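Enquirer: Sharing a structure, written as structure tokens. Questions coming.
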Amino acid sequence: MTFLDYAPAPESTSILDLREQYGLYIGGEWVPGGGTPFASISPATERQIAMFGAADEGDVDAAVRAARTAFRDTWGPMSGRDRGKYLFRIARILQERARELAVAESLDNGKPIRETRDADVPLVAQWFFHCAGWADKLDWVGLGARPQALGVAAQVIPWNFPLLMLAWKVAPALAAGNTVVLKPAETTPLTAMLFAEICEQAGLPAGVVNLITGAGDTGAALVRHPDVDKVAFTGSTAVGREIAKALAGTRKKLTLELGGKGANIVFDDAPLDQAIEGIVDGIFFNQGQVCCAGSRLLVQESVHDEVMERLKERMATLRVGDPLDKNTDVGAINSSEQLARITRLVDAGIAEGGEAWSPPCELPAEGYWFAPTVVTGVEASSSLAREEIFGPVLSVLTFRTPDEAIAKANNSPYGLSAGIWSDKGSRVLAVADKLRAGVVWTNTFNKFDPASPFGGYKESGYGREGGRQGMQAYLKAGE
Ligand code: NAD
């Protein structure tokens with residue numbers, strides 16, 4: 001029963017001063033791009049936000065050349081201390097423009113303003129501050145004295161955390177002394193364009209950051225360009241595999257941050273109130289479009305019914321709707337393609353015997369929406385337990401003993417994240433030690449820190465982002 005309904009609390013978009021058309025940002029100039037321009041739409045309303053240029057092979061080549069020139073003439077020879085000053089300046093401008101960036105990101109991606117305002121954008125600034133601090137301390141990254149930058153970094157990112165993924169790529173690369181060419185995802189190019197403006201505002205020398213928009217073919221041309229020294233890719237395992245094949249035998253360094261199917265393990269001695277919040281945050285944060293989402297709930301059989309009951313009660317309080325409303329917990333799915341994929345995978349899981357439940361919620365008539373869903377009775381062999389759905393869908397499996405929990409958690413082609421909920425420190429440490437996952441959270445979930453390395457095992461990719469290890473990915477030992 002609802003005693004009080006929330007009045008709408010929409011965040012105004014008046015802070016945005018968007019252009020109708022954005023070009024490519026190459027060598028410090030805006031250029032139109034040789035490909036066919038494309039629109040980015042708001043997934044909550046299906047209305048067009050702006051048009052964006054598409055980079056063809058000639059544009060990719062121009063961007064790599066601009067980055068090479070800047071590496072040779074300005075950024076490469078610059079002292080770490082001076083590079084750090086630019087990065088600190090960018091971090092401060094990101095903070096000054098935080099509200100504008102949060103609104104733009106919610107509009108373009110469909111995620112709730114509460115998340116862009118309180119998670120995405122603060123983390124973006126934090127990443128730049130953290131990496132700015134590294135710029136004059138590279139002797140301590142663990143590669144010996146005076147490690148060297150690699151040169152030109154080609155970076156391709158997905159749509160689920162557009163500005164945050166840009167920060168994870170650009171900040172360490174620049175701090176280490178590289179120059180970059182980055183391609184944002186085709187459904188979420190907006191905040192990358194605002195970031196280009198921020199680079200201009202910070203007076204960053206031309207060509208240090210080049211931003212090219214376009215679809216997969218632009219990304220493919222970029223990572224294959226012969227004058228690129230380092231490729232950093234975040235996205236699907238299928239595309240990651242293609243890139244690894246294309247780069248095999250070249251001298252390019254490669255890091256891949258790919259998909260996941262994180263196990264969130266709840267033992268019978270877990271603090272259940274906190275665990276329920278952690279389960280909800282693990283799978284409904286960003287509509288579950290999170291590579292490290294806790295999308296497989298492993299719950300000890302003796303507390304299964306209680307956990308399910310409390311979880312459903314909590315899910316019934318989630319407010320789904322307008323991403324720009326400050327009350328919204330669950331926003332829009334990023335694209336019609338992604339919505340179709342989620343629907344297809346859930347239908348297949350139900351056909352395999354899973355039982356799906358969603359709280360009653362009215363979904364808006366326009367836009368792309370999927371109600372928060374929990375599926376029980378999922379077998380370890382079911383596609384719901386194995387495939388990354390990348391949506392607000394939680395698959396529930398049970399276990400009886402810690403060994404069974406570990407075996408089930410590791411029974412996945414992926415190995416990016418996991419969560420453990422238990423009152424016993426000794427059990428937490430013993431289980432965490434046996435999980436094949438790059439990140440293991442205990443009695444919490446989805447916590448990110450620029451000082452902490454993040455990355456995967458198995459089909460979740462290789463290489464780490466964040467911390468000392470994340471800096472190493474953009475450096476080589478000094479001669
Ligand atoms: P995607 O692989 O389809 O696209 C990612 C990016 O690659 C986009 O910019 C796209 O244009 C580009 N691209 C597409 N084909 C390409 C090609 N052949 N060569 C080069 N670039 C190409 O993935 P997506 O659907 O945008 O993102 C969702 C995926 O990203 C999920 O699988 C998710 O788990 C993963 N992800 C992983 C992490 C991580 O850190 N491990 C973080 C966020 C997202």
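We label chains A, B, ... in the order they appear in the structure tokens, count residues from 1 in each chain, and number ligands from 1 in the order shown.
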Could you pull out the strand (DSSP E) residues of region 85-242 of chain A, going by DSSP on the backbone, and write them as a PyMOL selection string?
Expert: chain A and resi 148-149+152-156+179-183+209-211+230-234
Enquirer: Any chance you can output those residues with C-alpha atoms as a compact mmCIF listing (two decimals), in the first residue's frame?
Expert:
# COMPACT_ATOMS: atom_id res chain seq x y z
CA GLN A 148 58.15 5.38 -21.11
CA ALA A 149 54.78 6.19 -22.65
CA VAL A 152 49.26 6.74 -29.59
CA ALA A 153 46.40 4.94 -27.82
CA ALA A 154 43.30 3.87 -29.77
CA GLN A 155 40.34 3.54 -27.42
CA VAL A 156 36.85 2.21 -28.12
CA THR A 179 48.02 10.81 -26.77
CA VAL A 180 44.64 9.31 -27.63
CA VAL A 181 42.05 8.75 -30.31
CA LEU A 182 38.78 7.64 -28.70
CA LYS A 183 35.56 6.43 -30.28
CA VAL A 209 42.79 14.07 -27.26
CA ASN A 210 40.98 13.27 -30.51
CA LEU A 211 37.35 12.13 -30.43
CA LYS A 230 48.11 0.60 -27.85
CA VAL A 231 44.49 -0.52 -28.14
CA ALA A 232 42.12 -0.36 -25.18
CA PHE A 233 38.66 -1.76 -25.77
CA THR A 234 35.62 -2.06 -23.53
Enquirer: Please check which protein, DNA or RNA residues sit within 9 Å of ligand 1, counting only C-alpha atoms and all ligand atoms, and write them as a ChimeraX atom specification.
Expert: /A:155-162,165,183-188,213-224,233-240,242-243,256-261,289-293,338,388-390,416,454-456,460-461,464-465
Enquirer: Work out how far apart CA of Phe445 (chain A) and CA of Gln95 (chain A) are and give it in Å to one decimal.
Expert: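 Computing it gives 25.1 Å between the two atoms.
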Enquirer: Kindly give the distance, in Å, that separates CA of Pro112 (chain A) and CA of Ala39 (chain A), rounded to a single decimal.
Expert: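 These atoms are spaced 21.4 Å apart.
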Enquirer: Could you give me, as number ranges by chain, the residues within 12 Å of Ala473 (chain A), counting only C-alpha atoms and dropping anything in the same chain fewer than 4 positions from it?
Expert: A: 141-143, 147-150, 153, 168-169, 172-176, 178, 229-232, 252-256, 453, 455, 462-469, 477
Enquirer: Env of Ala202 (chain A): 9 Å cut, atoms = only C-alpha atoms, seq-sep filter 3 positions within chain, self excluded. Answer as JSON, numbers by chain.
Expert: {"A": [86, 87, 89, 90, 93, 197, 198, 199]}
Enquirer: Would you save the residues from that selection as a PDB file, in the first residue's frame, using N, CA and C atoms?
Expert:
ATOM      1  N   TYR A  86      47.518  19.912 -16.391  1.00  0.00           N
ATOM      2  CA  TYR A  86      46.389  19.877 -17.337  1.00  0.00           C
ATOM      3  C   TYR A  86      45.287  18.931 -16.822  1.00  0.00           C
ATOM      4  N   LEU A  87      45.713  17.775 -16.298  1.00  0.00           N
ATOM      5  CA  LEU A  87      44.710  16.799 -15.858  1.00  0.00           C
ATOM      6  C   LEU A  87      43.951  17.305 -14.636  1.00  0.00           C
ATOM      7  N   ARG A  89      43.372  20.368 -14.088  1.00  0.00           N
ATOM      8  CA  ARG A  89      42.487  21.416 -14.614  1.00  0.00           C
ATOM      9  C   ARG A  89      41.231  20.784 -15.225  1.00  0.00           C
ATOM     10  N   ILE A  90      41.427  19.703 -15.981  1.00  0.00           N
ATOM     11  CA  ILE A  90      40.270  19.002 -16.571  1.00  0.00           C
ATOM     12  C   ILE A  90      39.355  18.486 -15.455  1.00  0.00           C
ATOM     13  N   ILE A  93      37.279  21.275 -14.056  1.00  0.00           N
ATOM     14  CA  ILE A  93      36.208  21.714 -14.977  1.00  0.00           C
ATOM     15  C   ILE A  93      35.084  20.673 -14.990  1.00  0.00           C
ATOM     16  N   GLU A 197      34.825  19.806 -25.562  1.00  0.00           N
ATOM     17  CA  GLU A 197      34.747  21.228 -25.179  1.00  0.00           C
ATOM     18  C   GLU A 197      35.569  21.486 -23.909  1.00  0.00           C
ATOM     19  N   ILE A 198      35.526  20.517 -22.987  1.00  0.00           N
ATOM     20  CA  ILE A 198      36.274  20.678 -21.729  1.00  0.00           C
ATOM     21  C   ILE A 198      37.782  20.679 -22.002  1.00  0.00           C
ATOM     22  N   CYS A 199      38.218  19.848 -22.946  1.00  0.00           N
ATOM     23  CA  CYS A 199      39.651  19.848 -23.312  1.00  0.00           C
ATOM     24  C   CYS A 199      40.047  21.215 -23.864  1.00  0.00           C
TER      25      CYS A 199
END
Enquirer: Looking at only C-alpha atoms, which of A:Pro226, A:Pro43, A:Gly331, A:Gly354 is the one that sits closest to Gln287 (chain A)?
Expert: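 That would be A:Gly331, the residue with the smallest distance to Gln287 (chain A).
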Enquirer: Nearest to Leu475 (chain A) among A:Asp139, A:Glu366, A:Asp305, A:Asp322, with distances taken over only C-alpha atoms: which residue is it?
Expert: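 Result for the nearest residue to Leu475 (chain A): A:Asp139.
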Enquirer: Find the residues around region 102-104 of chain A up to 8 Å (only C-alpha atoms counted), leave out those fewer than 2 positions away in its own chain, and share them as a PDB file with N, CA and C atoms, in the first residue's frame.
Expert:
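After the write, part_14.pdb holds the following:
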ATOM      1  N   GLU A  11      14.481  17.102 -13.351  1.00  0.00           N
ATOM      2  CA  GLU A  11      15.664  17.954 -13.465  1.00  0.00           C
ATOM      3  C   GLU A  11      15.510  18.734 -14.775  1.00  0.00           C
ATOM      4  N   THR A  13      16.398  20.620 -18.208  1.00  0.00           N
ATOM      5  CA  THR A  13      17.449  20.479 -19.225  1.00  0.00           C
ATOM      6  C   THR A  13      17.956  21.850 -19.678  1.00  0.00           C
ATOM      7  N   LEU A  16      21.608  22.741 -20.454  1.00  0.00           N
ATOM      8  CA  LEU A  16      22.316  22.264 -21.651  1.00  0.00           C
ATOM      9  C   LEU A  16      22.269  23.307 -22.753  1.00  0.00           C
ATOM     10  N   ALA A  98      29.509  19.610 -13.617  1.00  0.00           N
ATOM     11  CA  ALA A  98      28.950  18.304 -13.233  1.00  0.00           C
ATOM     12  C   ALA A  98      27.453  18.192 -13.527  1.00  0.00           C
ATOM     13  N   ARG A  99      26.712  19.240 -13.201  1.00  0.00           N
ATOM     14  CA  ARG A  99      25.258  19.130 -13.369  1.00  0.00           C
ATOM     15  C   ARG A  99      24.896  18.996 -14.851  1.00  0.00           C
ATOM     16  N   GLU A 100      25.557  19.806 -15.660  1.00  0.00           N
ATOM     17  CA  GLU A 100      25.322  19.759 -17.107  1.00  0.00           C
ATOM     18  C   GLU A 100      25.657  18.365 -17.661  1.00  0.00           C
ATOM     19  N   SER A 106      22.123  11.463 -18.726  1.00  0.00           N
ATOM     20  CA  SER A 106      20.807  10.839 -18.511  1.00  0.00           C
ATOM     21  C   SER A 106      19.951  10.927 -19.769  1.00  0.00           C
ATOM     22  N   LEU A 107      20.035  12.067 -20.431  1.00  0.00           N
ATOM     23  CA  LEU A 107      19.249  12.281 -21.651  1.00  0.00           C
ATOM     24  C   LEU A 107      19.672  11.292 -22.743  1.00  0.00           C
ATOM     25  N   ASP A 108      20.967  11.135 -22.919  1.00  0.00           N
ATOM     26  CA  ASP A 108      21.503  10.356 -24.041  1.00  0.00           C
ATOM     27  C   ASP A 108      21.472   8.855 -23.756  1.00  0.00           C
ATOM     28  N   ILE A 113      18.936  10.258 -13.390  1.00  0.00           N
ATOM     29  CA  ILE A 113      19.758  11.418 -13.018  1.00  0.00           C
ATOM     30  C   ILE A 113      20.388  11.210 -11.640  1.00  0.00           C
ATOM     31  N   THR A 116      23.614   9.421 -12.530  1.00  0.00           N
ATOM     32  CA  THR A 116      24.631  10.225 -13.229  1.00  0.00           C
ATOM     33  C   THR A 116      25.167  11.312 -12.290  1.00  0.00           C
ATOM     34  N   ARG A 117      24.250  11.887 -11.487  1.00  0.00           N
ATOM     35  CA  ARG A 117      24.635  12.968 -10.574  1.00  0.00           C
ATOM     36  C   ARG A 117      25.491  12.458  -9.408  1.00  0.00           C
ATOM     37  N   ASP A 120      28.100   8.392 -11.700  1.00  0.00           N
ATOM     38  CA  ASP A 120      28.926   8.531 -12.918  1.00  0.00           C
ATOM     39  C   ASP A 120      29.849   9.751 -12.884  1.00  0.00           C
ATOM     40  N   VAL A 121      29.225  10.936 -12.752  1.00  0.00           N
ATOM     41  CA  VAL A 121      30.032  12.159 -12.927  1.00  0.00           C
ATOM     42  C   VAL A 121      31.040  12.360 -11.783  1.00  0.00           C
ATOM     43  N   LEU A 190      27.121  11.864 -26.885  1.00  0.00           N
ATOM     44  CA  LEU A 190      26.969  13.260 -26.483  1.00  0.00           C
ATOM     45  C   LEU A 190      28.013  13.739 -25.474  1.00  0.00           C
ATOM     46  N   THR A 191      28.203  12.986 -24.375  1.00  0.00           N
ATOM     47  CA  THR A 191      29.101  13.515 -23.340  1.00  0.00           C
ATOM     48  C   THR A 191      30.558  13.534 -23.810  1.00  0.00           C
ATOM     49  N   LEU A 324      15.115  11.676 -16.063  1.00  0.00           N
ATOM     50  CA  LEU A 324      15.444  13.011 -15.558  1.00  0.00           C
ATOM     51  C   LEU A 324      14.664  13.361 -14.286  1.00  0.00           C
TER      52      LEU A 324
END
Enquirer: Neighbouring residues of Leu363 (chain A) were defined as those with any atom within 8 Å, considering only C-alpha atoms; residues of the same chain fewer than 5 positions away were excluded. Please report them as a ChimeraX atom specification.
Expert: /A:320-321,369-371
Enquirer: Give me a file of those residues, with N, CA and C atoms, as a PDB file, in the first residue's frame.
Expert:
ATOM      1  N   VAL A 320      10.123   3.175 -11.661  1.00  0.00           N
ATOM      2  CA  VAL A 320      10.636   3.051 -13.032  1.00  0.00           C
ATOM      3  C   VAL A 320      10.061   4.197 -13.854  1.00  0.00           C
ATOM      4  N   GLY A 321      10.873   4.891 -14.620  1.00  0.00           N
ATOM      5  CA  GLY A 321      10.314   5.953 -15.465  1.00  0.00           C
ATOM      6  C   GLY A 321      11.334   7.000 -15.854  1.00  0.00           C
ATOM      7  N   TRP A 369      11.626   0.304 -22.411  1.00  0.00           N
ATOM      8  CA  TRP A 369      11.511  -0.002 -20.988  1.00  0.00           C
ATOM      9  C   TRP A 369      11.448  -1.492 -20.748  1.00  0.00           C
ATOM     10  N   PHE A 370      12.007  -1.912 -19.628  1.00  0.00           N
ATOM     11  CA  PHE A 370      11.863  -3.305 -19.207  1.00  0.00           C
ATOM     12  C   PHE A 370      11.710  -3.289 -17.693  1.00  0.00           C
ATOM     13  N   ALA A 371      10.634  -3.878 -17.193  1.00  0.00           N
ATOM     14  CA  ALA A 371      10.373  -3.851 -15.748  1.00  0.00           C
ATOM     15  C   ALA A 371      11.420  -4.678 -15.006  1.00  0.00           C
TER      16      ALA A 371
END
Enquirer: Would you kindly return, as a count of residues only, each protein, DNA or RNA residue with an atom no farther than 9 Å from any atom of Ala385 (chain A), considering only C-alpha atoms and excluding same-chain residues fewer than 6 positions away?
Expert: 10
Enquirer: What does the structure give for the distance between CA of Tyr6 (chain A) and CA of Thr317 (chain A), in Å to one decimal?
Expert: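 Answer for the CA of Tyr6 (chain A) to CA of Thr317 (chain A) separation: 11.4 Å.
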Enquirer: Nearest to Ile212 (chain A): which of A:Gly415, A:Gly110, A:Pro32, A:Pro392 is it, counting only C-alpha atoms?
Expert: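 Among the listed residues, the smallest separation from Ile212 (chain A) belongs to A:Pro32.
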Enquirer: Looking only at helix (DSSP H, G or I) from DSSP on the backbone, list the matching residues of region 200-448 of chain A as a VMD selection string.
Expert: chain A and resid 200 to 201 216 to 224 237 to 247 272 to 288 301 to 315 336 to 351 383 to 386 402 to 410 425 to 434
Enquirer: Measuring atom to atom with only C-alpha atoms, identify which of A:Pro359, A:Pro77, A:Gly470, A:Gly438 is nearest to Ala418 (chain A).
Expert: A:Gly438
Enquirer: Let me make sure I understand: among A:Ala119, A:Leu24, A:Ala44, A:Val208, which one has the smallest atom-to-atom distance to Arg68 (chain A) if we use only C-alpha atoms?
Expert: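 That would be A:Val208, the residue with the smallest distance to Arg68 (chain A).
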